[in-house]
file query-v7.txt (compact mmCIF, C-alpha atoms)
# COMPACT_ATOMS: atom_id res chain seq x y z
CA MET A 1 1.13 -6.05 2.18
CA GLY A 2 4.19 -7.63 3.86
CA LEU A 3 4.91 -11.20 4.85
CA LEU A 4 1.61 -11.51 6.71
CA ALA A 5 -0.78 -10.09 4.12
CA VAL A 6 -0.89 -10.05 0.31
CA SER A 7 -2.93 -7.63 -1.83
CA ALA A 8 -3.69 -8.11 -5.52
CA LEU A 9 -1.54 -6.23 -8.02
CA VAL A 10 -3.47 -4.01 -10.40
CA LEU A 11 -1.32 -3.74 -13.50
CA THR A 12 -2.52 -0.52 -15.10
CA ALA A 13 -0.58 2.34 -16.63
CA CYS A 14 1.11 4.69 -14.14
CA SER A 15 0.27 8.38 -13.99
CA SER A 16 2.45 10.51 -16.26
CA SER A 17 2.44 13.25 -13.60
CA GLU A 18 4.87 11.14 -11.60
CA ALA A 19 7.23 10.30 -14.42
CA GLY A 20 9.75 13.14 -14.29
CA SER A 21 12.87 13.44 -12.15
CA ILE A 22 13.05 16.10 -9.47
CA PRO A 23 14.75 19.19 -10.88
CA GLY A 24 17.90 20.69 -9.49
CA GLY A 25 17.89 23.49 -6.96
CA SER A 26 18.92 24.23 -3.43
CA ALA A 27 18.56 21.51 -0.82
CA SER A 28 16.60 23.84 1.45
CA ALA A 29 14.09 24.63 -1.30
CA ARG A 30 13.59 20.96 -2.06
CA THR A 31 13.27 20.14 1.63
CA GLU A 32 10.48 22.67 2.30
CA ALA A 33 8.50 22.16 -0.91
CA SER A 34 5.76 19.57 -1.23
CA PHE A 35 6.52 17.23 -4.11
CA ALA A 36 5.77 13.77 -5.45
CA ARG A 37 8.11 12.57 -8.19
CA LEU A 38 11.09 10.46 -9.18
CA ILE A 39 14.51 11.16 -7.69
CA ASP A 40 17.56 10.26 -9.76
CA ILE A 41 19.91 8.45 -7.33
CA GLY A 42 22.50 7.65 -9.98
CA HIS A 43 23.70 4.38 -11.52
CA GLY A 44 20.76 4.49 -13.93
CA ARG A 45 18.19 4.31 -11.13
CA LYS A 46 15.32 6.52 -10.00
CA ILE A 47 13.13 6.20 -6.90
CA TYR A 48 9.72 7.77 -6.40
CA LEU A 49 9.56 10.02 -3.32
CA GLU A 50 6.78 12.20 -1.94
CA CYS A 51 7.02 14.79 0.87
CA ARG A 52 4.70 17.35 2.42
CA GLY A 53 4.37 19.51 5.53
CA SER A 54 7.07 21.31 7.45
CA GLY A 55 8.86 21.08 10.77
CA SER A 56 11.37 18.91 12.54
CA PRO A 57 11.92 16.02 12.97
CA THR A 58 11.12 14.65 9.53
CA VAL A 59 8.94 11.55 9.64
CA VAL A 60 9.81 8.93 7.01
CA LEU A 61 7.11 6.32 6.37
CA VAL A 62 8.48 3.00 5.09
CA PRO A 63 5.85 0.68 3.55
CA GLY A 64 5.58 -3.10 3.75
CA LEU A 65 6.41 -5.68 1.10
CA VAL A 66 5.04 -4.83 -2.37
CA ALA A 67 3.29 -1.75 -0.90
CA ALA A 68 4.06 1.67 -2.37
CA ALA A 69 4.11 5.08 -0.68
CA ASP A 70 0.39 5.66 -1.19
CA THR A 71 -0.54 2.88 1.23
CA TRP A 72 -0.09 5.53 3.96
CA SER A 73 -2.73 7.72 2.28
CA TYR A 74 -5.49 5.08 2.27
CA VAL A 75 -7.94 3.87 4.90
CA LYS A 76 -10.30 0.93 4.99
CA ASP A 77 -13.93 2.04 5.22
CA SER A 78 -16.78 0.35 7.09
CA ALA A 79 -17.51 -1.83 4.06
CA GLY A 80 -13.90 -3.03 3.90
CA ALA A 81 -12.97 -1.00 0.81
CA MET A 82 -9.66 0.85 0.59
CA LYS A 83 -10.09 4.55 -0.15
CA PRO A 84 -7.82 7.62 -0.12
CA SER A 85 -8.62 9.82 2.86
CA GLY A 86 -7.53 13.00 4.58
CA SER A 87 -7.65 11.01 7.82
CA ALA A 88 -4.96 8.60 6.61
CA VAL A 89 -1.49 8.55 8.17
CA TYR A 90 0.42 10.50 5.50
CA PRO A 91 -1.83 13.58 5.28
CA ARG A 92 -2.45 13.68 9.04
CA VAL A 93 1.25 13.54 9.97
CA GLY A 94 1.88 16.29 7.41
CA GLU A 95 -0.29 18.56 9.54
CA PHE A 96 2.23 18.66 12.40
CA THR A 97 5.65 17.98 10.86
CA ARG A 98 7.52 17.20 7.64
CA VAL A 99 6.62 13.74 6.32
CA CYS A 100 7.94 11.69 3.39
CA SER A 101 7.40 8.25 1.92
CA TYR A 102 8.75 6.41 -1.11
CA ASP A 103 8.25 3.46 -3.46
CA ARG A 104 10.80 0.68 -3.23
CA PRO A 105 11.40 -1.10 -6.54
CA GLY A 106 8.80 -3.71 -7.39
CA THR A 107 5.96 -2.20 -5.38
CA ALA A 108 2.31 -1.71 -6.37
CA ARG A 109 0.06 1.24 -5.66
CA GLU A 110 -3.27 1.20 -3.92
CA SER A 111 -4.42 3.68 -6.57
CA GLY A 112 -3.74 1.13 -9.31
CA GLY A 113 -0.64 0.40 -11.34
CA VAL A 114 2.91 -0.26 -10.31
CA THR A 115 5.70 1.97 -9.13
CA THR A 116 7.75 4.09 -11.48
CA SER A 117 10.85 3.38 -9.36
CA THR A 118 13.49 1.61 -11.44
CA SER A 119 13.27 -2.17 -11.23
CA VAL A 120 16.12 -4.10 -9.59
CA PRO A 121 16.94 -7.80 -9.34
CA GLN A 122 14.75 -9.58 -6.80
CA PRO A 123 14.73 -10.64 -4.02
CA THR A 124 16.06 -7.58 -2.23
CA THR A 125 17.41 -7.27 1.32
CA PRO A 126 16.92 -4.74 4.14
CA ARG A 127 20.56 -3.63 3.83
CA GLY A 128 19.99 -2.82 0.17
CA ASP A 129 16.77 -1.00 1.04
CA VAL A 130 18.61 1.04 3.68
CA ALA A 131 21.18 2.10 1.08
CA ASP A 132 18.38 3.14 -1.30
CA LEU A 133 16.57 5.11 1.41
CA ARG A 134 19.81 6.84 2.37
CA ALA A 135 20.44 7.72 -1.29
CA VAL A 136 16.98 9.07 -2.04
CA LEU A 137 16.82 11.22 1.11
CA ASP A 138 20.29 12.65 0.51
CA THR A 139 19.72 13.31 -3.18
CA ALA A 140 16.37 15.00 -2.56
CA GLY A 141 17.84 17.13 0.22
CA VAL A 142 15.56 15.69 2.90
CA GLY A 143 17.63 16.13 6.04
CA GLY A 144 17.27 14.75 9.53
CA PRO A 145 16.75 14.27 12.33
CA TYR A 146 14.37 11.50 11.29
CA VAL A 147 11.57 9.65 13.00
CA LEU A 148 11.22 6.44 11.01
CA ALA A 149 7.93 4.55 10.87
CA GLY A 150 8.11 1.08 9.34
CA TRP A 151 5.19 -1.19 8.60
CA SER A 152 5.68 -4.95 8.18
CA ALA A 153 8.71 -5.45 5.89
CA GLY A 154 9.50 -1.78 6.46
CA GLY A 155 10.29 -2.64 10.07
CA PRO A 156 13.68 -4.26 9.44
CA VAL A 157 14.58 -1.39 7.09
CA VAL A 158 13.98 1.33 9.69
CA ARG A 159 15.61 -0.69 12.47
CA ILE A 160 18.81 -1.25 10.48
CA PHE A 161 18.82 2.37 9.27
CA ALA A 162 18.55 3.58 12.88
CA ALA A 163 21.29 1.23 14.03
CA GLU A 164 23.65 2.29 11.24
CA HIS A 165 22.85 6.03 11.45
CA PRO A 166 22.20 6.56 15.17
CA HIS A 167 23.04 10.27 15.11
CA GLU A 168 20.38 10.98 12.47
CA VAL A 169 17.47 8.90 13.76
CA SER A 170 15.69 10.29 16.81
CA GLY A 171 12.72 7.93 17.08
CA LEU A 172 11.04 4.80 15.71
CA VAL A 173 7.46 3.64 15.23
CA LEU A 174 7.18 -0.06 14.37
CA VAL A 175 3.79 -0.92 12.87
CA ASP A 176 3.29 -4.69 13.13
CA ALA A 177 6.88 -4.89 11.96
CA GLU A 178 8.52 -8.11 10.85
CA SER A 179 10.49 -9.52 13.74
CA GLU A 180 13.44 -11.90 13.63
CA PHE A 181 11.99 -13.48 16.75
CA LEU A 182 9.28 -15.12 14.66
CA GLN A 183 11.93 -17.56 13.49
CA SER A 184 13.10 -18.37 17.01
CA GLU A 185 9.51 -18.79 18.23
CA LEU A 186 8.94 -21.52 15.63
CA THR A 187 10.65 -24.90 15.44
CA PRO A 188 12.84 -25.43 12.34
CA ALA A 189 10.09 -27.56 10.79
CA GLN A 190 7.47 -24.92 11.51
CA PHE A 191 9.69 -22.20 10.08
CA ASP A 192 10.12 -24.29 6.94
CA THR A 193 6.32 -24.31 6.61
CA PHE A 194 6.33 -20.53 6.94
CA LEU A 195 8.99 -20.26 4.22
CA ALA A 196 6.87 -22.48 1.99
CA LEU A 197 3.97 -20.09 2.52
CA ILE A 198 6.17 -17.17 1.44
CA ARG A 199 7.31 -19.03 -1.67
CA ASN A 200 3.65 -19.79 -2.46
CA ASP A 201 2.76 -16.10 -2.13
CA ASP A 202 5.76 -15.10 -4.27
CA SER A 203 4.86 -17.47 -7.09
CA LYS A 204 1.37 -15.97 -7.33
CA ARG A 205 2.72 -12.42 -7.42
CA VAL A 206 5.46 -13.22 -9.96
CA ALA A 207 2.79 -14.71 -12.23
CA GLN A 208 1.23 -11.24 -12.31
CA TRP A 209 4.42 -9.18 -12.50
CA LYS A 210 7.92 -10.61 -12.90
CA ASP A 211 9.59 -7.56 -11.28
CA VAL A 212 7.47 -7.67 -8.12
CA GLU A 213 9.29 -7.07 -4.83
CA ARG A 214 10.32 -10.24 -3.01
CA GLN A 215 12.31 -11.12 0.11
CA ASN A 216 14.12 -14.05 1.64
CA PRO A 217 12.95 -14.04 5.29
CA GLU A 218 16.05 -15.90 6.48
CA LYS A 219 18.32 -13.17 5.05
CA VAL A 220 16.04 -10.47 6.45
CA PHE A 221 16.26 -11.88 9.95
CA ASP A 222 20.00 -12.54 9.67
CA GLN A 223 20.66 -8.93 8.65
CA VAL A 224 18.60 -7.54 11.52
CA ARG A 225 20.50 -9.72 13.99
CA ALA A 226 23.83 -8.59 12.54
CA ALA A 227 22.99 -4.88 12.77
CA PRO A 228 24.71 -2.71 15.42
CA ALA A 229 23.03 -2.31 18.78
CA ALA A 230 19.84 -0.26 18.69
CA PRO A 231 20.17 3.37 19.80
CA ARG A 232 18.30 4.43 22.94
CA ILE A 233 15.57 6.60 21.40
CA PRO A 234 11.79 6.94 21.78
CA VAL A 235 10.10 3.88 20.27
CA VAL A 236 6.47 2.82 19.89
CA VAL A 237 5.63 -0.73 18.82
CA LEU A 238 2.10 -1.36 17.51
CA SER A 239 1.07 -4.99 17.11
CA GLY A 240 -1.95 -6.40 15.32
CA ASP A 241 -4.29 -8.31 17.62
CA THR A 242 -6.80 -9.70 15.10
CA PHE A 243 -6.18 -12.85 13.10
CA ASP A 244 -8.25 -14.71 10.50
CA PRO A 245 -7.17 -18.37 10.65
CA ALA A 246 -9.28 -19.36 7.64
CA ALA A 247 -7.71 -16.71 5.41
CA PHE A 248 -4.26 -17.72 6.61
CA ARG A 249 -4.93 -21.43 5.97
CA ALA A 250 -6.00 -20.56 2.40
CA ARG A 251 -2.49 -19.25 1.76
CA LEU A 252 -0.74 -22.39 3.01
CA PRO A 253 0.75 -24.81 0.48
CA ALA A 254 -0.58 -28.34 0.21
CA GLY A 255 0.70 -30.62 2.95
CA ALA A 256 1.01 -27.95 5.62
CA PRO A 257 0.50 -29.46 9.07
CA ALA A 258 -2.92 -29.19 10.67
CA GLY A 259 -3.13 -26.47 13.28
CA PHE A 260 -0.27 -24.43 11.81
CA ALA A 261 -2.39 -21.26 11.68
CA GLN A 262 -2.75 -21.27 15.47
CA VAL A 263 0.93 -22.15 15.93
CA PHE A 264 1.92 -19.25 13.70
CA TRP A 265 -0.35 -16.78 15.49
CA ARG A 266 1.07 -17.65 18.91
CA ALA A 267 4.59 -17.25 17.51
CA GLN A 268 3.70 -13.93 15.90
CA LEU A 269 2.35 -12.48 19.16
CA ALA A 270 5.40 -13.71 21.09
CA SER A 271 7.74 -12.29 18.44
CA GLN A 272 6.14 -8.85 18.80
CA GLU A 273 6.65 -8.95 22.57
CA ARG A 274 10.30 -9.82 22.11
CA LEU A 275 10.69 -7.10 19.47
CA ALA A 276 9.43 -4.46 21.92
CA GLU A 277 11.85 -5.75 24.55
CA GLN A 278 14.79 -4.83 22.28
CA TYR A 279 14.11 -1.16 23.05
CA PRO A 280 14.28 -0.49 26.82
CA ASP A 281 12.00 2.55 26.73
CA ALA A 282 9.56 1.30 24.11
CA GLU A 283 5.81 1.64 24.49
CA HIS A 284 4.13 -1.52 23.21
CA ILE A 285 0.52 -1.04 22.10
CA THR A 286 -1.13 -4.45 21.81
CA LYS A 287 -4.82 -3.53 21.89
CA THR A 288 -5.07 -2.24 18.35
CA ARG A 289 -8.34 -3.91 17.22
CA SER A 290 -6.67 -4.50 13.87
CA ASP A 291 -5.10 -7.15 11.72
CA HIS A 292 -1.67 -6.66 10.12
CA ASN A 293 -2.75 -3.49 8.27
CA ILE A 294 -3.00 -1.21 11.30
CA HIS A 295 -2.19 1.95 9.34
CA ASN A 296 -5.21 1.40 7.07
CA ASN A 297 -7.63 0.02 9.67
CA ARG A 298 -6.77 2.31 12.60
CA PRO A 299 -4.86 5.23 11.07
CA GLN A 300 -5.39 7.56 14.03
CA LEU A 301 -3.68 5.03 16.30
CA VAL A 302 -0.58 5.20 14.10
CA VAL A 303 -0.80 8.99 13.78
CA ASP A 304 -0.99 9.31 17.58
CA ALA A 305 2.03 7.04 18.03
CA ILE A 306 4.05 9.09 15.54
CA HIS A 307 2.92 12.34 17.16
CA ASP A 308 3.97 11.08 20.61
CA VAL A 309 7.44 10.20 19.34
CA VAL A 310 7.77 13.51 17.47
CA GLU A 311 6.85 15.45 20.62
CA LYS A 312 9.38 13.52 22.69
CA VAL A 313 12.07 14.28 20.13
CA ARG A 314 11.14 17.95 20.13
CA GLY A 315 11.31 17.98 23.91
CA GLN A 316 14.81 16.51 23.78
CA GLN A 317 15.85 19.07 21.16
CA SER A 318 14.60 21.98 23.28
CA GLY A 319 15.89 20.56 26.54
CA LYS A 320 12.38 20.68 27.97
CA PRO A 321 10.41 17.67 29.23
CA SER A 322 8.12 16.30 26.54
CA PRO A 323 4.37 15.93 27.15
CA GLN A 324 3.43 12.63 28.78

call {"tool": "encode", "arguments": {"input": "query-v7.txt", "output": "structure tokens"}}
result
Amino acid sequence: MGLLAVSALVLTACSSSEAGSIPGGSASARTEASFARLIDIGHGRKIYLECRGSGSPTVVLVPGLVAAADTWSYVKDSAGAMKPSGSAVYPRVGEFTRVCSYDRPGTARESGGVTTSTSVPQPTTPRGDVADLRAVLDTAGVGGPYVLAGWSAGGPVVRIFAAEHPHEVSGLVLVDAESEFLQSELTPAQFDTFLALIRNDDSKRVAQWKDVERQNPEKVFDQVRAAPAAPRIPVVVLSGDTFDPAAFRARLPAGAPAGFAQVFWRAQLASQERLAEQYPDAEHITKTRSDHNIHNNRPQLVVDAIHDVVEKVRGQQSGKPSPQ
């Protein structure tokens, strides 16, 4: 989902198999076992976490706005339908290293229903999401080093996490990640139109589910700008290169200026370029043949990007040159 795309919420009952908290036990046992359940992080809150595979570094997949962990296990087929698949990002990454993902509060599952993660007041902020991610990884005994992959609204979360915990994060993969440079690529009036679009999207989602995840883009961008300098680590930036102006215009509130869809798309492309420039050694993949949902449309592209970063990290750990 994210700021650029909105999926319908399917409000059905959640699976009871995911309702229990993770039991106690040694951190090493929890780290190596495959599991998918709630983690009690204290203060009356639980967060759903799933992990599989083995090896280092651990890849942590951070979904976009309103999207739950299972978005990384789905692909879009030739007919445009979303289906779970062994070729999706989560199962494929689990074939070559440890991989985890989680449900932020207020997210909805591709499989139907809403997250079992404890609801929190909305809107949330990336700094709050970083604290939650830190808590759930620590409590579950999922240790670093981490390669963080963030899609859409997950982008600011992984960037701030890496900046605040530079000794634990060894690589980043940014999948059409939200960029603070979108704001600076738009005039104040144009950015106001974008904010109106977000409020329009939010009102539709809240009508379906009052606890749905929401964000204030201005606070998101302010918090990314205020974060410490980015660590010099392997980074891959993947940017969507397909845009549907008609679908975008349908989301705009009444009174939006004519031609805003094209203005927004130019700003989005420029913001992705500037995002990649924040990381001196970043590889920027712009020919993705995908819209915003790259991980569902072109999962192997995302898997390859994560694999490349993982191999570079392993090369650094061993002191040997990584494969080019």

call {"tool": "residues_around", "arguments": {"input": "query-v7.txt", "residues": "A:Ser170", "least_positions_apart": "3", "cutoff": "7 Å", "atoms": "only C-alpha atoms", "output": "PDB file with C-alpha atoms, in the frame of the given file"}}
result
ATOM      1  CA  PRO A 145      16.750  14.270  12.330  1.00  0.00           C
ATOM      2  CA  TYR A 146      14.370  11.500  11.290  1.00  0.00           C
ATOM      3  CA  VAL A 147      11.570   9.650  13.000  1.00  0.00           C
ATOM      4  CA  ILE A 233      15.570   6.600  21.400  1.00  0.00           C
ATOM      5  CA  VAL A 313      12.070  14.280  20.130  1.00  0.00           C
TER       6      VAL A 313
END

call {"tool": "residues_around", "arguments": {"input": "query-v7.txt", "residues": "A:Arg249", "least_positions_apart": "5", "cutoff": "9 Å", "atoms": "only C-alpha atoms", "output": "VMD selection string"}}
result
chain A and resid 244 256 260 to 261

call {"tool": "write_last_selection", "arguments": {"input": "query-v7.txt", "atoms": "C-alpha atoms", "output": "mmCIF file, keeping the file's coordinate frame"}}
result
data_model
loop_
_atom_site.group_PDB
_atom_site.id
_atom_site.type_symbol
_atom_site.label_atom_id
_atom_site.label_comp_id
_atom_site.auth_asym_id
_atom_site.auth_seq_id
_atom_site.Cartn_x
_atom_site.Cartn_y
_atom_site.Cartn_z
ATOM 1 C CA ASP A 244 -8.250 -14.710 10.500
ATOM 2 C CA ALA A 256 1.010 -27.950 5.620
ATOM 3 C CA PHE A 260 -0.270 -24.430 11.810
ATOM 4 C CA ALA A 261 -2.390 -21.260 11.680
#

call {"tool": "residues_near_point", "arguments": {"input": "query-v7.txt", "point": "(-2.1, -12.3, 10.6)", "cutoff": "9 Å", "atoms": "only C-alpha atoms", "output": "short mmCIF file (atom, residue, chain, number, x, y, z; two decimals) with C-alpha atoms, in the coordinates of the input"}}
result
data_model
loop_
_atom_site.label_atom_id
_atom_site.label_comp_id
_atom_site.auth_asym_id
_atom_site.auth_seq_id
_atom_site.Cartn_x
_atom_site.Cartn_y
_atom_site.Cartn_z
CA LEU A 4 1.61 -11.51 6.71
CA ALA A 5 -0.78 -10.09 4.12
CA GLY A 240 -1.95 -6.40 15.32
CA ASP A 241 -4.29 -8.31 17.62
CA THR A 242 -6.80 -9.70 15.10
CA PHE A 243 -6.18 -12.85 13.10
CA ASP A 244 -8.25 -14.71 10.50
CA PRO A 245 -7.17 -18.37 10.65
CA ALA A 247 -7.71 -16.71 5.41
CA PHE A 248 -4.26 -17.72 6.61
CA PHE A 264 1.92 -19.25 13.70
CA TRP A 265 -0.35 -16.78 15.49
CA GLN A 268 3.70 -13.93 15.90
CA ASP A 291 -5.10 -7.15 11.72
CA HIS A 292 -1.67 -6.66 10.12
#

call {"tool": "closest_residue", "arguments": {"input": "query-v7.txt", "among": "A:Leu61, A:Val157, A:Val310, A:Val220", "to": "A:Gln183", "atoms": "only C-alpha atoms"}}
result
A:Val220

call {"tool": "closest_residue", "arguments": {"input": "query-v7.txt", "among": "A:Glu185, A:Asp70, A:Glu180, A:Glu213", "to": "A:Ala226", "atoms": "all atoms listed in the file"}}
result
A:Glu180

call {"tool": "residues_around", "arguments": {"input": "query-v7.txt", "residues": "stretch 171-177 of chain A", "least_positions_apart": "3", "cutoff": "6 Å", "atoms": "only C-alpha atoms", "output": "PyMOL selection string"}}
result
chain A and resi 147-152+155+233-240

call {"tool": "closest_residue", "arguments": {"input": "query-v7.txt", "among": "A:Gly141, A:Pro121, A:Pro126, A:Pro63", "to": "A:Val89", "atoms": "all atoms listed in the file"}}
result
A:Pro63

call {"tool": "residues_around", "arguments": {"input": "query-v7.txt", "residues": "A:Asn216", "least_positions_apart": "4", "cutoff": "9 Å", "atoms": "only C-alpha atoms", "output": "list in words"}}
result
Pro123, Thr124, Thr125, Leu195, Ile198, Val220 and Phe221 of chain A

call {"tool": "atom_distance", "arguments": {"input": "query-v7.txt", "atom1": "atom CA of A:Val158", "atom2": "atom CA of A:Val130"}}
result
7.6 Å

call {"tool": "atom_distance", "arguments": {"input": "query-v7.txt", "atom1": "atom CA of A:Gly113", "atom2": "atom CA of A:Lys204"}}
result
17.0 Å

call {"tool": "closest_residue", "arguments": {"input": "query-v7.txt", "among": "A:Arg52, A:Lys312, A:His167, A:His307", "to": "A:Val99", "atoms": "all atoms listed in the file"}}
result
A:Arg52

call {"tool": "atom_distance", "arguments": {"input": "query-v7.txt", "atom1": "atom CA of A:Gln300", "atom2": "atom CA of A:Ala162"}}
result
24.3 Å

call {"tool": "closest_residue", "arguments": {"input": "query-v7.txt", "among": "A:Thr116, A:Gln316, A:Asn297, A:Ser101", "to": "A:Ala81", "atoms": "all atoms listed in the file"}}
result
A:Asn297

call {"tool": "closest_residue", "arguments": {"input": "query-v7.txt", "among": "A:Leu252, A:Ala276, A:Ile306, A:Val224", "to": "A:Phe161", "atoms": "only C-alpha atoms"}}
result
A:Val224

call {"tool": "residues_around", "arguments": {"input": "query-v7.txt", "residues": "stretch 76-79 of chain A", "least_positions_apart": "5", "cutoff": "12 Å", "atoms": "all atoms listed in the file", "output": "PyMOL selection string"}}
result
chain A and resi 71+84-85+87-88+110+290-291+293-299

call {"tool": "decode", "arguments": {"input": "query-v7.txt", "residues": "stretch 112-137 of chain A", "atoms": "N, CA and C atoms", "output": "tab-separated table (two decimals), in the first residue's frame"}}
result
chain	number	residue	atom	x	y	z
A	112	GLY	N	-6.52	-11.57	3.87
A	112	GLY	CA	-7.83	-11.24	4.43
A	112	GLY	C	-7.74	-11.00	5.92
A	113	GLY	N	-8.49	-10.03	6.40
A	113	GLY	CA	-8.47	-9.71	7.82
A	113	GLY	C	-7.44	-8.67	8.15
A	114	VAL	N	-7.40	-8.33	9.41
A	114	VAL	CA	-6.49	-7.29	9.88
A	114	VAL	C	-5.50	-7.88	10.86
A	115	THR	N	-4.45	-7.15	11.11
A	115	THR	CA	-3.39	-7.63	11.98
A	115	THR	C	-3.88	-7.91	13.39
A	116	THR	N	-3.19	-8.84	14.03
A	116	THR	CA	-3.43	-9.10	15.45
A	116	THR	C	-2.51	-8.26	16.33
A	117	SER	N	-1.62	-7.47	15.74
A	117	SER	CA	-0.79	-6.55	16.52
A	117	SER	C	-1.68	-5.56	17.25
A	118	THR	N	-1.33	-5.26	18.49
A	118	THR	CA	-2.14	-4.36	19.32
A	118	THR	C	-2.29	-2.99	18.67
A	119	SER	N	-3.51	-2.49	18.64
A	119	SER	CA	-3.77	-1.17	18.07
A	119	SER	C	-3.11	-0.08	18.90
A	120	VAL	N	-2.74	1.01	18.25
A	120	VAL	CA	-2.17	2.18	18.91
A	120	VAL	C	-2.85	3.42	18.34
A	121	PRO	N	-2.75	4.55	19.04
A	121	PRO	CA	-3.31	5.78	18.48
A	121	PRO	C	-2.68	6.10	17.13
A	122	GLN	N	-3.49	6.56	16.20
A	122	GLN	CA	-3.02	6.95	14.88
A	122	GLN	C	-3.21	8.45	14.69
A	123	PRO	N	-2.38	9.11	13.86
A	123	PRO	CA	-1.32	8.54	13.03
A	123	PRO	C	-0.06	8.21	13.83
A	124	THR	N	0.75	7.33	13.26
A	124	THR	CA	2.03	6.98	13.85
A	124	THR	C	3.15	7.75	13.15
A	125	THR	N	4.38	7.55	13.61
A	125	THR	CA	5.53	8.22	13.01
A	125	THR	C	6.65	7.20	12.78
A	126	PRO	N	7.58	7.47	11.88
A	126	PRO	CA	8.70	6.54	11.68
A	126	PRO	C	9.51	6.31	12.95
A	127	ARG	N	9.71	7.35	13.77
A	127	ARG	CA	10.47	7.17	15.00
A	127	ARG	C	9.77	6.18	15.93
A	128	GLY	N	8.45	6.27	16.02
A	128	GLY	CA	7.71	5.30	16.81
A	128	GLY	C	7.81	3.90	16.23
A	129	ASP	N	7.77	3.81	14.90
A	129	ASP	CA	7.89	2.51	14.25
A	129	ASP	C	9.27	1.90	14.46
A	130	VAL	N	10.30	2.74	14.47
A	130	VAL	CA	11.66	2.26	14.74
A	130	VAL	C	11.74	1.67	16.15
A	131	ALA	N	11.14	2.37	17.11
A	131	ALA	CA	11.15	1.86	18.49
A	131	ALA	C	10.43	0.52	18.58
A	132	ASP	N	9.31	0.37	17.87
A	132	ASP	CA	8.58	-0.90	17.88
A	132	ASP	C	9.41	-2.01	17.23
A	133	LEU	N	10.05	-1.70	16.11
A	133	LEU	CA	10.86	-2.71	15.43
A	133	LEU	C	12.02	-3.14	16.32
A	134	ARG	N	12.67	-2.18	16.96
A	134	ARG	CA	13.75	-2.48	17.88
A	134	ARG	C	13.24	-3.40	19.00
A	135	ALA	N	12.07	-3.10	19.54
A	135	ALA	CA	11.53	-3.87	20.66
A	135	ALA	C	11.17	-5.29	20.24
A	136	VAL	N	10.54	-5.45	19.09
A	136	VAL	CA	10.10	-6.78	18.69
A	136	VAL	C	11.29	-7.67	18.31
A	137	LEU	N	12.31	-7.11	17.69
A	137	LEU	CA	13.50	-7.90	17.35
A	137	LEU	C	14.24	-8.32	18.61
